[in-house]
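Trainee: The structure file target_14.txt (compact mmCIF, C-alpha atoms) is provided below.
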# COMPACT_ATOMS: atom_id res chain seq x y z
CA MET X 1 98.86 54.67 147.91
CA ILE X 2 96.18 56.08 145.58
CA LYS X 3 92.84 54.32 146.01
CA LYS X 4 91.51 52.77 142.82
CA ASP X 5 88.02 51.99 141.65
CA LYS X 6 86.71 48.67 140.29
CA ARG X 7 88.12 49.35 136.84
CA ASN X 8 91.60 49.94 138.34
CA LEU X 9 91.53 53.66 137.54
CA PRO X 10 92.81 56.01 140.24
CA ILE X 11 89.92 57.92 141.82
CA SER X 12 91.56 61.23 140.83
CA LEU X 13 91.60 60.22 137.14
CA LYS X 14 88.03 59.02 137.36
CA ILE X 15 86.94 62.42 138.69
CA ILE X 16 88.82 64.24 135.90
CA ARG X 17 87.25 61.93 133.30
CA ARG X 18 83.76 62.56 134.65
CA ALA X 19 84.38 66.31 134.67
CA PHE X 20 85.28 66.29 130.96
CA ILE X 21 82.21 64.19 130.16
CA SER X 22 79.98 66.59 132.11
CA LEU X 23 81.45 69.61 130.36
CA PHE X 24 80.83 68.03 126.95
CA SER X 25 77.29 67.12 128.02
CA LEU X 26 76.56 70.74 128.87
CA PHE X 27 77.19 71.68 125.25
CA LEU X 28 74.68 69.01 124.18
CA LEU X 29 71.84 70.28 126.37
CA PRO X 30 70.32 72.70 123.80
CA LEU X 31 70.21 69.94 121.18
CA TYR X 32 68.65 67.50 123.64
CA TYR X 33 65.80 69.87 124.47
CA ALA X 34 65.36 70.73 120.80
CA ILE X 35 64.87 67.01 120.09
CA GLY X 36 62.03 67.05 122.62
CA LEU X 37 60.15 69.51 120.38
CA LEU X 38 60.09 67.17 117.39
CA PRO X 39 56.71 65.61 116.48
CA ARG X 40 56.44 61.93 117.36
CA ASN X 41 54.70 59.22 115.36
CA LYS X 42 52.65 57.13 117.81
CA ASN X 43 52.43 54.36 115.20
CA LEU X 44 56.22 53.92 114.94
CA TRP X 45 57.37 51.49 117.65
CA ILE X 46 61.02 50.62 118.26
CA PHE X 47 62.11 47.44 120.06
CA CYS X 48 65.47 46.40 121.51
CA SER X 49 66.78 43.93 124.09
CA TRP X 50 69.66 43.04 126.43
CA PHE X 51 72.07 45.92 125.90
CA GLY X 52 71.45 45.72 122.17
CA GLN X 53 73.11 42.31 121.88
CA ARG X 54 70.27 39.78 121.83
CA TYR X 55 66.96 39.01 120.13
CA SER X 56 65.06 37.74 123.12
CA ASP X 57 62.86 38.31 126.14
CA ASN X 58 59.86 40.59 126.59
CA SER X 59 60.77 42.90 123.73
CA ARG X 60 60.97 40.04 121.25
CA LEU X 61 57.60 38.52 122.14
CA LEU X 62 55.82 41.87 122.00
CA PHE X 63 57.65 42.85 118.79
CA GLU X 64 56.52 39.68 117.03
CA TYR X 65 52.95 40.00 118.34
CA VAL X 66 52.54 43.63 117.25
CA SER X 67 54.20 42.96 113.88
CA ARG X 68 51.72 40.15 113.27
CA HIS X 69 48.49 41.52 114.77
CA CYS X 70 48.68 45.32 114.56
CA PRO X 71 49.07 46.25 110.86
CA GLU X 72 48.66 49.97 111.60
CA ILE X 73 51.88 49.92 113.66
CA ARG X 74 55.30 50.14 112.00
CA THR X 75 57.65 47.99 114.08
CA VAL X 76 61.46 48.23 114.00
CA TRP X 77 64.07 46.19 115.86
CA LEU X 78 67.37 47.95 116.66
CA SER X 79 70.51 46.07 117.70
CA LYS X 80 74.21 46.63 118.28
CA ASN X 81 74.80 43.06 117.11
CA ARG X 82 74.82 42.65 113.32
CA ASP X 83 74.06 38.92 113.64
CA VAL X 84 70.83 39.84 115.42
CA VAL X 85 69.94 42.27 112.63
CA VAL X 86 70.37 39.46 110.11
CA GLN X 87 68.37 37.03 112.28
CA VAL X 88 65.42 39.39 112.53
CA ARG X 89 65.48 40.26 108.83
CA GLU X 90 65.43 36.55 107.98
CA LYS X 91 62.05 36.42 109.76
CA GLY X 92 60.79 39.05 107.34
CA LEU X 93 60.79 41.82 109.97
CA ARG X 94 62.50 45.24 110.01
CA ALA X 95 65.84 45.48 111.80
CA TYR X 96 68.74 47.93 111.68
CA PRO X 97 72.05 48.48 113.48
CA VAL X 98 71.66 50.97 116.33
CA TYR X 99 74.48 53.18 115.11
CA SER X 100 73.23 53.90 111.62
CA LEU X 101 71.61 56.94 110.03
CA ARG X 102 68.38 54.99 109.50
CA SER X 103 68.21 54.09 113.19
CA PHE X 104 68.84 57.67 114.29
CA ALA X 105 66.01 58.79 112.00
CA PHE X 106 63.68 56.20 113.57
CA LEU X 107 64.70 57.23 117.10
CA LEU X 108 63.97 60.88 116.37
CA ARG X 109 60.47 60.08 115.05
CA SER X 110 59.35 57.10 117.11
CA GLY X 111 56.37 57.47 119.41
CA ARG X 112 57.11 54.42 121.56
CA ILE X 113 60.24 52.47 122.50
CA PHE X 114 60.39 49.06 124.21
CA SER X 115 63.47 47.61 125.94
CA THR X 116 64.42 44.96 128.50
CA THR X 117 67.53 46.26 130.26
CA GLY X 118 68.35 49.83 129.33
CA GLY X 119 71.61 50.58 127.56
CA GLU X 120 70.31 49.25 124.24
CA ILE X 121 69.94 52.58 122.46
CA PRO X 122 71.20 56.16 122.97
CA LEU X 123 68.54 57.79 125.16
CA PHE X 124 69.72 61.19 123.98
CA PHE X 125 67.46 60.82 120.93
CA CYS X 126 64.43 59.69 122.92
CA ARG X 127 63.21 62.86 124.61
CA GLY X 128 59.50 63.19 123.88
CA THR X 129 58.82 59.51 123.20
CA GLU X 130 57.03 57.03 125.46
CA TYR X 131 59.56 54.56 126.87
CA TYR X 132 58.37 51.12 128.00
CA ALA X 133 60.95 49.42 130.21
CA LEU X 134 59.57 45.89 129.92
CA TRP X 135 62.52 44.71 132.00
CA HIS X 136 63.58 41.07 132.28
CA GLY X 137 61.69 39.68 135.23
CA MET X 138 59.75 40.44 138.38
CA PRO X 139 62.00 41.48 141.25
CA LEU X 140 62.94 39.32 144.18
CA LYS X 141 66.37 40.96 143.91
CA ARG X 142 66.63 44.72 144.41
CA ILE X 143 67.00 46.50 141.09
CA LEU X 144 67.82 49.93 139.65
CA GLU X 145 67.24 52.70 142.23
CA ASP X 146 66.93 50.14 145.04
CA ASP X 147 70.11 48.17 144.24
CA ARG X 148 73.02 49.11 146.50
CA HIS X 149 75.54 46.74 144.88
CA SER X 150 75.58 47.35 141.15
CA GLY X 151 74.97 50.96 140.32
CA GLY X 152 71.66 52.01 141.86
CA SER X 153 71.28 55.07 144.02
CA GLU X 154 72.53 53.20 147.11
CA ALA X 155 75.72 51.97 145.45
CA HIS X 156 77.88 55.09 145.73
CA GLY X 157 79.82 56.93 148.40
CA SER X 158 78.60 60.35 149.56
CA PHE X 159 80.61 62.35 146.99
CA MET X 160 79.59 60.10 144.12
CA LYS X 161 75.96 60.19 145.25
CA LEU X 162 76.01 63.96 145.02
CA TYR X 163 77.70 63.85 141.62
CA VAL X 164 75.28 61.24 140.26
CA ARG X 165 72.21 63.11 141.52
CA THR X 166 73.42 66.37 140.00
CA ALA X 167 74.42 64.80 136.66
CA ARG X 168 71.09 62.99 136.37
CA LYS X 169 69.10 66.17 136.95
CA LEU X 170 71.13 68.00 134.32
CA PHE X 171 71.49 65.16 131.79
CA PRO X 172 68.42 62.87 131.93
CA TRP X 173 69.54 60.91 128.88
CA LYS X 174 72.17 59.20 131.04
CA SER X 175 69.68 57.14 133.05
CA LEU X 176 66.79 54.87 132.11
CA THR X 177 64.75 55.82 135.16
CA ASP X 178 65.01 59.55 134.36
CA GLN X 179 62.99 59.27 131.16
CA LYS X 180 60.00 61.61 131.34
CA ASN X 181 57.40 59.27 129.80
CA LEU X 182 58.49 55.99 131.41
CA TYR X 183 56.32 52.89 131.88
CA THR X 184 56.83 49.30 132.98
CA VAL X 185 54.70 46.16 133.42
CA THR X 186 53.92 43.86 136.32
CA ASN X 187 52.86 40.24 136.68
CA SER X 188 50.81 40.95 139.82
CA GLU X 189 49.86 43.61 142.36
CA PHE X 190 52.41 42.13 144.75
CA PHE X 191 55.31 43.61 142.75
CA VAL X 192 53.87 47.10 142.31
CA PRO X 193 55.49 48.66 145.44
CA PHE X 194 58.93 47.37 144.41
CA LEU X 195 58.58 48.51 140.80
CA ARG X 196 57.36 51.88 142.04
CA THR X 197 60.57 52.57 143.98
CA ALA X 198 62.93 50.82 141.54
CA PHE X 199 61.73 52.78 138.50
CA GLY X 200 60.52 55.86 140.35
CA LEU X 201 57.05 55.54 138.85
CA PRO X 202 53.50 56.31 139.99
CA ASP X 203 51.15 53.33 140.04
CA GLY X 204 49.45 54.46 136.83
CA ARG X 205 52.68 53.96 134.87
CA ILE X 206 52.96 50.32 136.04
CA LEU X 207 50.77 48.42 133.59
CA ARG X 208 48.83 45.40 134.90
CA THR X 209 49.19 43.18 131.84
CA GLY X 210 51.78 40.55 132.73
CA SER X 211 55.17 40.15 131.04
CA PRO X 212 54.99 39.55 127.27
CA ARG X 213 57.56 36.75 127.34
CA CYS X 214 55.25 34.64 129.49
CA ASP X 215 52.90 34.10 126.54
CA ALA X 216 55.47 31.68 125.09
CA LEU X 217 54.99 29.40 128.11
CA PHE X 218 51.44 28.65 126.97
CA ARG X 219 51.73 28.52 123.19
CA PRO X 220 54.89 26.52 122.56
CA HIS X 221 55.86 24.88 119.33
CA THR X 222 58.00 21.83 119.93
CA GLU X 223 61.67 22.70 120.20
CA GLU X 224 64.09 20.41 118.39
CA LEU X 225 66.15 19.79 121.54
CA ILE X 226 63.05 18.66 123.44
CA GLU X 227 62.27 16.20 120.66
CA ARG X 228 65.85 14.86 120.72
CA ILE X 229 65.75 14.33 124.49
CA HIS X 230 62.42 12.50 124.29
CA GLY X 231 63.80 10.42 121.43
CA GLN X 232 66.88 9.37 123.41
CA PHE X 233 65.11 9.05 126.79
CA PRO X 234 61.46 8.18 126.02
CA GLY X 235 59.19 8.80 128.99
CA ASP X 236 61.86 10.53 131.07
CA LYS X 237 61.24 13.77 132.91
CA ILE X 238 63.07 16.90 131.71
CA ILE X 239 64.30 19.09 134.57
CA LEU X 240 65.51 22.59 133.73
CA TYR X 241 68.09 24.18 136.03
CA MET X 242 68.34 27.98 135.66
CA PRO X 243 70.23 29.74 138.44
CA THR X 244 70.40 33.52 138.41
CA PHE X 245 73.65 35.24 137.46
CA ARG X 246 76.40 36.31 139.84
CA THR X 247 78.72 38.98 138.54
CA ALA X 248 82.32 38.19 139.45
CA GLU X 249 82.76 41.92 140.14
CA TRP X 250 80.55 41.51 143.18
CA THR X 251 81.48 38.06 144.47
CA GLY X 252 85.10 37.81 143.32
CA GLU X 253 84.46 34.54 141.48
CA VAL X 254 82.18 32.92 138.92
CA PHE X 255 79.40 30.97 140.61
CA ASN X 256 79.86 27.23 140.15
CA PRO X 257 76.81 25.27 141.37
CA PHE X 258 78.58 22.00 140.49
CA ASP X 259 81.31 22.50 143.06
CA GLU X 260 82.29 19.97 145.70
CA LYS X 261 81.49 22.51 148.43
CA TYR X 262 77.81 22.10 147.50
CA GLY X 263 78.12 18.31 147.69
CA PHE X 264 78.40 17.70 143.97
CA ASP X 265 79.82 14.43 142.69
CA MET X 266 79.34 13.65 138.99
CA ASP X 267 78.88 9.90 139.40
CA GLU X 268 76.32 10.31 142.17
CA PHE X 269 74.56 13.04 140.21
CA LEU X 270 74.21 10.95 137.04
CA ALA X 271 73.18 7.87 138.98
CA THR X 272 70.41 9.85 140.71
CA LEU X 273 69.12 11.18 137.39
CA ALA X 274 69.09 7.67 135.93
CA ARG X 275 67.30 6.27 138.98
CA HIS X 276 64.57 8.87 138.65
CA LYS X 277 64.37 8.59 134.83
CA SER X 278 65.27 12.28 134.48
CA VAL X 279 67.37 14.47 132.21
CA LEU X 280 68.78 17.68 133.67
CA VAL X 281 69.16 20.61 131.28
CA TYR X 282 71.43 23.32 132.66
CA LYS X 283 70.81 26.82 131.31
CA PRO X 284 73.35 29.14 132.92
CA HIS X 285 72.82 32.86 132.64
CA PHE X 286 74.82 33.99 129.61
CA TYR X 287 77.09 35.94 131.99
CA ASP X 288 78.13 32.63 133.59
CA ALA X 289 77.90 30.29 130.59
CA ARG X 290 81.68 29.84 130.34
CA PHE X 291 81.65 27.53 133.39
CA MET X 292 79.85 24.68 131.65
CA GLN X 293 82.52 24.55 128.98
CA THR X 294 84.98 23.62 131.73
CA VAL X 295 82.75 20.77 132.89
CA ARG X 296 82.46 19.44 129.34
CA GLN X 297 86.22 19.47 128.90
CA LYS X 298 86.72 17.55 132.13
CA ASP X 299 84.28 14.77 131.41
CA PRO X 300 82.67 15.09 127.98
CA GLU X 301 81.42 11.49 127.80
CA THR X 302 79.29 11.45 130.97
CA LEU X 303 76.82 14.20 130.15
CA SER X 304 74.15 12.22 128.33
CA ARG X 305 71.63 12.96 131.09
CA PHE X 306 73.31 16.27 131.93
CA ILE X 307 72.94 18.75 129.09
CA SER X 308 73.99 22.38 129.04
CA VAL X 309 72.30 24.73 126.61
CA ASP X 310 72.71 28.25 125.30
CA ASP X 311 70.79 30.42 122.86
CA ALA X 312 71.92 28.33 119.89
CA ASP X 313 70.03 25.30 121.24
CA TYR X 314 66.51 26.69 121.00
CA ASP X 315 64.51 29.22 119.03
CA GLU X 316 63.06 31.16 121.97
CA LEU X 317 63.92 30.55 125.63
CA TYR X 318 60.44 30.73 127.12
CA ASN X 319 59.06 28.53 124.37
CA PHE X 320 61.67 25.98 125.47
CA VAL X 321 60.92 26.55 129.17
CA GLY X 322 57.23 25.88 128.61
CA GLN X 323 58.02 22.34 127.45
CA VAL X 324 60.08 21.08 130.40
CA ASP X 325 58.55 19.11 133.26
CA MET X 326 60.14 20.79 136.27
CA LEU X 327 62.18 23.89 137.10
CA MET X 328 65.14 24.22 139.44
CA THR X 329 66.34 27.72 140.26
CA ASP X 330 67.52 29.85 143.16
CA TYR X 331 66.80 33.60 143.06
CA SER X 332 65.92 33.97 139.38
CA SER X 333 62.79 35.79 138.27
CA ILE X 334 61.95 32.81 136.09
CA TYR X 335 60.34 31.34 139.21
CA PHE X 336 57.57 33.98 139.10
CA ASP X 337 56.87 33.20 135.45
CA PHE X 338 57.18 29.41 135.46
CA ILE X 339 54.79 28.85 138.39
CA ALA X 340 51.96 29.99 136.10
CA THR X 341 52.36 26.72 134.15
CA GLY X 342 51.28 24.66 137.14
CA LYS X 343 54.45 22.54 137.01
CA PRO X 344 56.75 21.70 139.95
CA VAL X 345 59.54 23.99 141.15
CA VAL X 346 62.50 23.18 143.42
CA LEU X 347 64.66 25.97 144.86
CA LEU X 348 68.42 25.59 145.35
CA PRO X 349 69.66 28.55 147.45
CA PHE X 350 73.17 27.07 147.79
CA ASP X 351 74.88 30.38 148.56
CA TYR X 352 72.04 32.36 150.11
CA GLU X 353 74.03 34.28 152.74
CA ASP X 354 76.91 35.09 150.38
CA TYR X 355 74.50 36.15 147.66
CA LEU X 356 72.75 38.65 149.92
CA THR X 357 76.08 39.99 151.12
CA TYR X 358 77.97 40.30 147.84
CA ALA X 359 75.41 40.26 145.04
CA ARG X 360 71.84 41.46 145.55
CA ALA X 361 69.68 42.23 148.57
CA HIS X 362 66.08 41.01 148.38
CA TYR X 363 62.83 42.95 148.54
CA PHE X 364 61.11 40.36 150.72
CA ASP X 365 61.88 37.33 152.84
CA TYR X 366 62.91 34.45 150.62
CA TRP X 367 62.12 31.59 153.00
CA ASN X 368 58.61 32.72 153.93
CA ASN X 369 57.43 33.80 150.48
CA MET X 370 58.98 31.47 147.90
CA GLU X 371 56.93 28.28 147.86
CA GLY X 372 58.61 25.04 146.81
CA GLU X 373 60.97 22.47 148.24
CA LYS X 374 64.36 24.01 149.05
CA ALA X 375 67.77 22.33 149.00
CA ARG X 376 71.03 23.81 150.33
CA SER X 377 73.15 21.04 148.78
CA TRP X 378 72.92 18.43 146.04
CA GLN X 379 72.35 15.72 148.67
CA GLU X 380 69.26 17.57 149.89
CA PHE X 381 68.05 17.81 146.29
CA TYR X 382 68.48 14.06 145.83
CA GLN X 383 66.43 13.51 149.01
CA ILE X 384 63.63 15.64 147.54
CA LEU X 385 63.65 13.52 144.38
CA ASP X 386 63.68 10.30 146.42
CA ALA X 387 60.81 11.44 148.62
CA GLY X 388 58.82 12.78 145.66
CA THR X 389 57.87 15.91 147.60
CA TYR X 390 58.35 18.34 144.70
CA ARG X 391 55.09 19.81 143.45
CA PRO X 392 53.56 22.91 141.82
CA VAL X 393 53.04 25.92 144.05
CA SER X 394 49.61 26.57 145.52
CA ASP X 395 46.87 28.53 143.75
CA ALA X 396 47.41 31.28 146.31
CA ALA X 397 51.09 31.59 145.37
CA ARG X 398 50.26 31.63 141.66
CA HIS X 399 47.80 34.44 142.24
CA LYS X 400 50.24 36.32 144.46
CA PHE X 401 53.10 36.30 141.95
CA ALA X 402 51.49 35.64 138.55
CA GLU X 403 48.05 37.22 138.79
CA TYR X 404 48.13 38.65 135.24
CA VAL X 405 50.05 35.83 133.53
CA ASP X 406 47.49 34.05 131.37
CA GLY X 407 48.97 33.60 127.89
CA GLU X 408 47.45 36.90 126.70
CA CYS X 409 50.01 39.38 128.03
CA CYS X 410 51.08 40.68 124.60
CA ARG X 411 47.51 41.28 123.54
CA LYS X 412 46.62 43.04 126.79
CA LEU X 413 49.69 45.26 126.67
CA ALA X 414 49.23 46.21 123.01
CA GLU X 415 45.55 46.99 123.56
CA ARG X 416 46.34 49.01 126.69
CA ILE X 417 48.88 51.15 124.82
CA LEU X 418 46.71 51.60 121.72
CA SER X 419 43.72 52.65 123.82
CA GLU X 420 45.51 55.82 124.98
As structure tokens - that is how I would like this structure written.

Mentor:
Amino acid sequence: MIKKDKRNLPISLKIIRRAFISLFSLFLLPLYYAIGLLPRNKNLWIFCSWFGQRYSDNSRLLFEYVSRHCPEIRTVWLSKNRDVVVQVREKGLRAYPVYSLRSFAFLLRSGRIFSTTGGEIPLFFCRGTEYYALWHGMPLKRILEDDRHSGGSEAHGSFMKLYVRTARKLFPWKSLTDQKNLYTVTNSEFFVPFLRTAFGLPDGRILRTGSPRCDALFRPHTEELIERIHGQFPGDKIILYMPTFRTAEWTGEVFNPFDEKYGFDMDEFLATLARHKSVLVYKPHFYDARFMQTVRQKDPETLSRFISVDDADYDELYNFVGQVDMLMTDYSSIYFDFIATGKPVVLLPFDYEDYLTYARAHYFDYWNNMEGEKARSWQEFYQILDAGTYRPVSDAARHKFAEYVDGECCRKLAERILSE
């Protein structure tokens, strides 16, 4: 039987397909290097986020800051999602579809590009520009070149490793980490060694400014949903639950934290929230958001203290996050941002062993480094609430993980770039 890859293509067909792509790429090489000779406008900055599909995260916060405070800079948002283009334009800011003549013209002239994931824009047009991979969180989980599960340099067999290494040397526009003038940011010195190997960067290209999105934690305007919760449950605590995503490709199933195997019972859950005068807001990663729809269909009338949210329920995620009273998460990078607020955090590593095996390995020991009460089941979480042992992390932990997070990250980053 012919072995097949994850996309159910025979390996032989996959090799043939890659060969054709490589041959076509060879013909593009002269044009790619010619693009690198074009003059770049250091005052034209392009922003994009989350594979070109969302208006969010580090890129958004920096985009809005620079648009407002740096009049000498021409800022442009590029997106593959036309709804996002409309959303940005309604704010009075420049936005264009990625695949348009205007966008290609901007890409060929821009001096600086800012993204959160990679894959937002065609890197072919970016040779010669400075590329700031703002990314989407500080790494507990191994990322990019250090990630053996989802496409990093450790993820391939020996033949594919050789092919990938060769293709990347020949065609640098195929990989984010092969950009010549690449930079990223860090929230603290603790993360520098991991960012160095993940992005393949020298320390000088890792900017000590903090993540731009964290500014929204400190300067929130009241979100409508927060007001509605306080209106319905005056005086109650708002707990935000944000687990990290699990790709079904890795684990074989969508992660369901509200499963009986983790001790979940809806009646017990709601009774515990009521007893502790709390409202739990569940924000699944958008990869996993479909699960909560199933819960709503099963029992739509019992979720008054159990609310699921998506991007339509708030203006900006970190603005919303800054207004809750407590965070629950597992392996998400939001932990390293939220602890800067001085509010309590509880960790729920329900599937720790499976996660390490099938999803992402970690850079450092979870149990010895991540401060906060930890629960391996919902019953253990209820015990933490009953005992009242949840609390903010120590000053030492805040310094360790959030040394540069102070509400001025956008300003520091913009000033750092403009000072060059």

Trainee: Using only C-alpha atoms, I'd like a table of the residues in range 157-224 of chain X that come within 10 Å of range 358-367 of chain X; for each, show the closest atom pair and its distance in Å rounded to one decimal, ordered by chain and ascending number, as JSON lines.

Mentor:
{"residue": "X:Phe191", "atom": "CA", "partner": "X:Tyr363", "partner_atom": "CA", "distance": 9.5}
{"residue": "X:Pro193", "atom": "CA", "partner": "X:Tyr363", "partner_atom": "CA", "distance": 9.8}
{"residue": "X:Phe194", "atom": "CA", "partner": "X:Tyr363", "partner_atom": "CA", "distance": 7.2}

Trainee: Got a sec: who's within 8 Å of Asn41 in chain X, counting all atoms listed in the file, leaving out chain neighbours fewer than 2 positions off, as a list of chain:residue names?

Mentor: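 Surrounding residues, per the criterion: X:Pro39, X:Asn43, X:Leu44, X:Arg109, X:Ser110, X:Gly111.
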
Trainee: Excluding range 231-237 of chain X and its own-chain neighbours fewer than 3 positions away, which residues fall within 10 Å of it when counting only C-alpha atoms? Please give them as a ChimeraX atom specification.

Mentor: /X:225-228,240,273-274,276-280,304-305,324-326

Trainee: Between CA of Asn81 in chain X and CA of Asp178 in chain X, what is the distance in Å, rounded to a tenth?

Mentor: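 Computing it gives 25.8 Å between the two atoms.
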
Trainee: Write out as an mmCIF file with C-alpha atoms, in the coordinates of the input which residues come within 10 Å of Glu189 in chain X when counting all atoms listed in the file, dropping same-chain ones fewer than 4 positions away.

Mentor:
data_model
loop_
_atom_site.group_PDB
_atom_site.id
_atom_site.type_symbol
_atom_site.label_atom_id
_atom_site.label_comp_id
_atom_site.auth_asym_id
_atom_site.auth_seq_id
_atom_site.Cartn_x
_atom_site.Cartn_y
_atom_site.Cartn_z
ATOM 1 C CA PRO X 193 55.490 48.660 145.440
ATOM 2 C CA ILE X 206 52.960 50.320 136.040
ATOM 3 C CA ARG X 208 48.830 45.400 134.900
ATOM 4 C CA HIS X 399 47.800 34.440 142.240
ATOM 5 C CA LYS X 400 50.240 36.320 144.460
ATOM 6 C CA PHE X 401 53.100 36.300 141.950
ATOM 7 C CA ALA X 402 51.490 35.640 138.550
ATOM 8 C CA GLU X 403 48.050 37.220 138.790
ATOM 9 C CA TYR X 404 48.130 38.650 135.240
#

Trainee: Can you tell me which residues surround Thr244 in chain X at a distance of at most 12 Å, considering only C-alpha atoms, apart from same-chain residues fewer than 5 positions away, and format the answer as a ChimeraX atom specification?

Mentor: /X:136-137,139-141,254-257,282-289,328-335,347-352,355,359-360

Trainee: CA of Val98 in chain X to CA of Ser25 in chain X: how many Å, to one decimal?

Mentor: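 Those two atoms sit 20.7 Å apart.
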
Trainee: Considering all atoms listed in the file, tabulate each residue of range 72-186 of chain X that lies at most 9 Å from range 57-66 of chain X along with its nearest interatomic pair and the corresponding distance in Å to one decimal; arrange the rows by chain and ascending residue number and present them as a tab-separated table.

Mentor:
residue	atom	partner	partner_atom	distance
X:Ile73	CA	X:Val66	CA	7.3
X:Arg74	CA	X:Val66	CA	8.8
X:Thr75	CA	X:Phe63	CA	7.0
X:Val76	CA	X:Phe63	CA	8.1
X:Trp77	CA	X:Phe63	CA	7.8
X:Leu93	CA	X:Glu64	CA	8.5
X:Phe114	CA	X:Ser59	CA	6.2
X:Ser115	CA	X:Ser59	CA	5.9
X:Thr116	CA	X:Ser59	CA	6.3
X:Leu134	CA	X:Asn58	CA	6.3
X:Trp135	CA	X:Asn58	CA	7.3
X:His136	CA	X:Asp57	CA	6.8
X:Gly137	CA	X:Asn58	CA	8.9

Trainee: Between X:His69, X:Ile339, X:Tyr382, X:Val309, which residue has the minimum interatomic distance to Ala271 in chain X, considering all atoms listed in the file?

Mentor: X:Tyr382

Trainee: Would you please work out which residue, of X:Ala198, X:Met138, X:Val393, X:Ile35, is nearest to Leu107 in chain X when using all atoms listed in the file?

Mentor: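 Closest residue, counting all atoms listed in the file: X:Ile35.
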
Trainee: Extending 5 Å beyond the listed atoms of range 135-142 of chain X on each side, what axis-aligned box results? I want centre and edge lengths in Å to one decimal, as lines of an AutoDock Vina configuration file.

Mentor:
center_x = 63.2
center_y = 42.0
center_z = 138.2
size_x = 16.9
size_y = 15.4
size_z = 22.4

Trainee: Identify which of the residues X:Glu380, X:Glu145, X:Asp386, X:Asp311 lies closest to Leu201 in chain X, counting only C-alpha atoms when measuring atom-to-atom distances.

Mentor: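 The shortest atom-to-atom distance to Leu201 in chain X comes from X:Glu145.
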
Trainee: For Gln87 in chain X, which residue out of X:Tyr318, X:Tyr55, X:Phe269, X:Tyr241 is the nearest one, using all atoms listed in the file?

Mentor: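 Looking at the shortest contact to Gln87 in chain X, the residue is X:Tyr55.
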
Trainee: Residues within 9 Å of range 51-53 of chain X, please, as an mmCIF file with C-alpha atoms, in the frame of the given file. Count all atoms listed in the file; anything in the same chain fewer than 3 positions from it doesn't count.

Mentor:
data_model
loop_
_atom_site.group_PDB
_atom_site.id
_atom_site.type_symbol
_atom_site.label_atom_id
_atom_site.label_comp_id
_atom_site.auth_asym_id
_atom_site.auth_seq_id
_atom_site.Cartn_x
_atom_site.Cartn_y
_atom_site.Cartn_z
ATOM 1 C CA CYS X 48 65.470 46.400 121.510
ATOM 2 C CA LEU X 78 67.370 47.950 116.660
ATOM 3 C CA SER X 79 70.510 46.070 117.700
ATOM 4 C CA LYS X 80 74.210 46.630 118.280
ATOM 5 C CA ASN X 81 74.800 43.060 117.110
ATOM 6 C CA ARG X 82 74.820 42.650 113.320
ATOM 7 C CA ASP X 83 74.060 38.920 113.640
ATOM 8 C CA VAL X 84 70.830 39.840 115.420
ATOM 9 C CA VAL X 98 71.660 50.970 116.330
ATOM 10 C CA SER X 115 63.470 47.610 125.940
ATOM 11 C CA THR X 116 64.420 44.960 128.500
ATOM 12 C CA THR X 117 67.530 46.260 130.260
ATOM 13 C CA GLY X 118 68.350 49.830 129.330
ATOM 14 C CA GLY X 119 71.610 50.580 127.560
ATOM 15 C CA GLU X 120 70.310 49.250 124.240
ATOM 16 C CA ILE X 121 69.940 52.580 122.460
#

Trainee: Taking all atoms listed in the file into account, which of X:Arg219, X:Thr272, X:Ile384, X:Pro122 comes nearest Pro172 in chain X?

Mentor: X:Pro122

Trainee: So how many Å separate CA of Pro220 in chain X and CA of Ala340 in chain X, to one decimal?

Mentor: 14.3 Å

Trainee: For Tyr99 in chain X, which residue out of X:Ile307, X:Phe125, X:Ala216, X:Thr186 is the nearest one, using all atoms listed in the file?

Mentor: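 Between X:Ile307, X:Phe125, X:Ala216, X:Thr186, the residue approaching Tyr99 in chain X most closely is X:Phe125.
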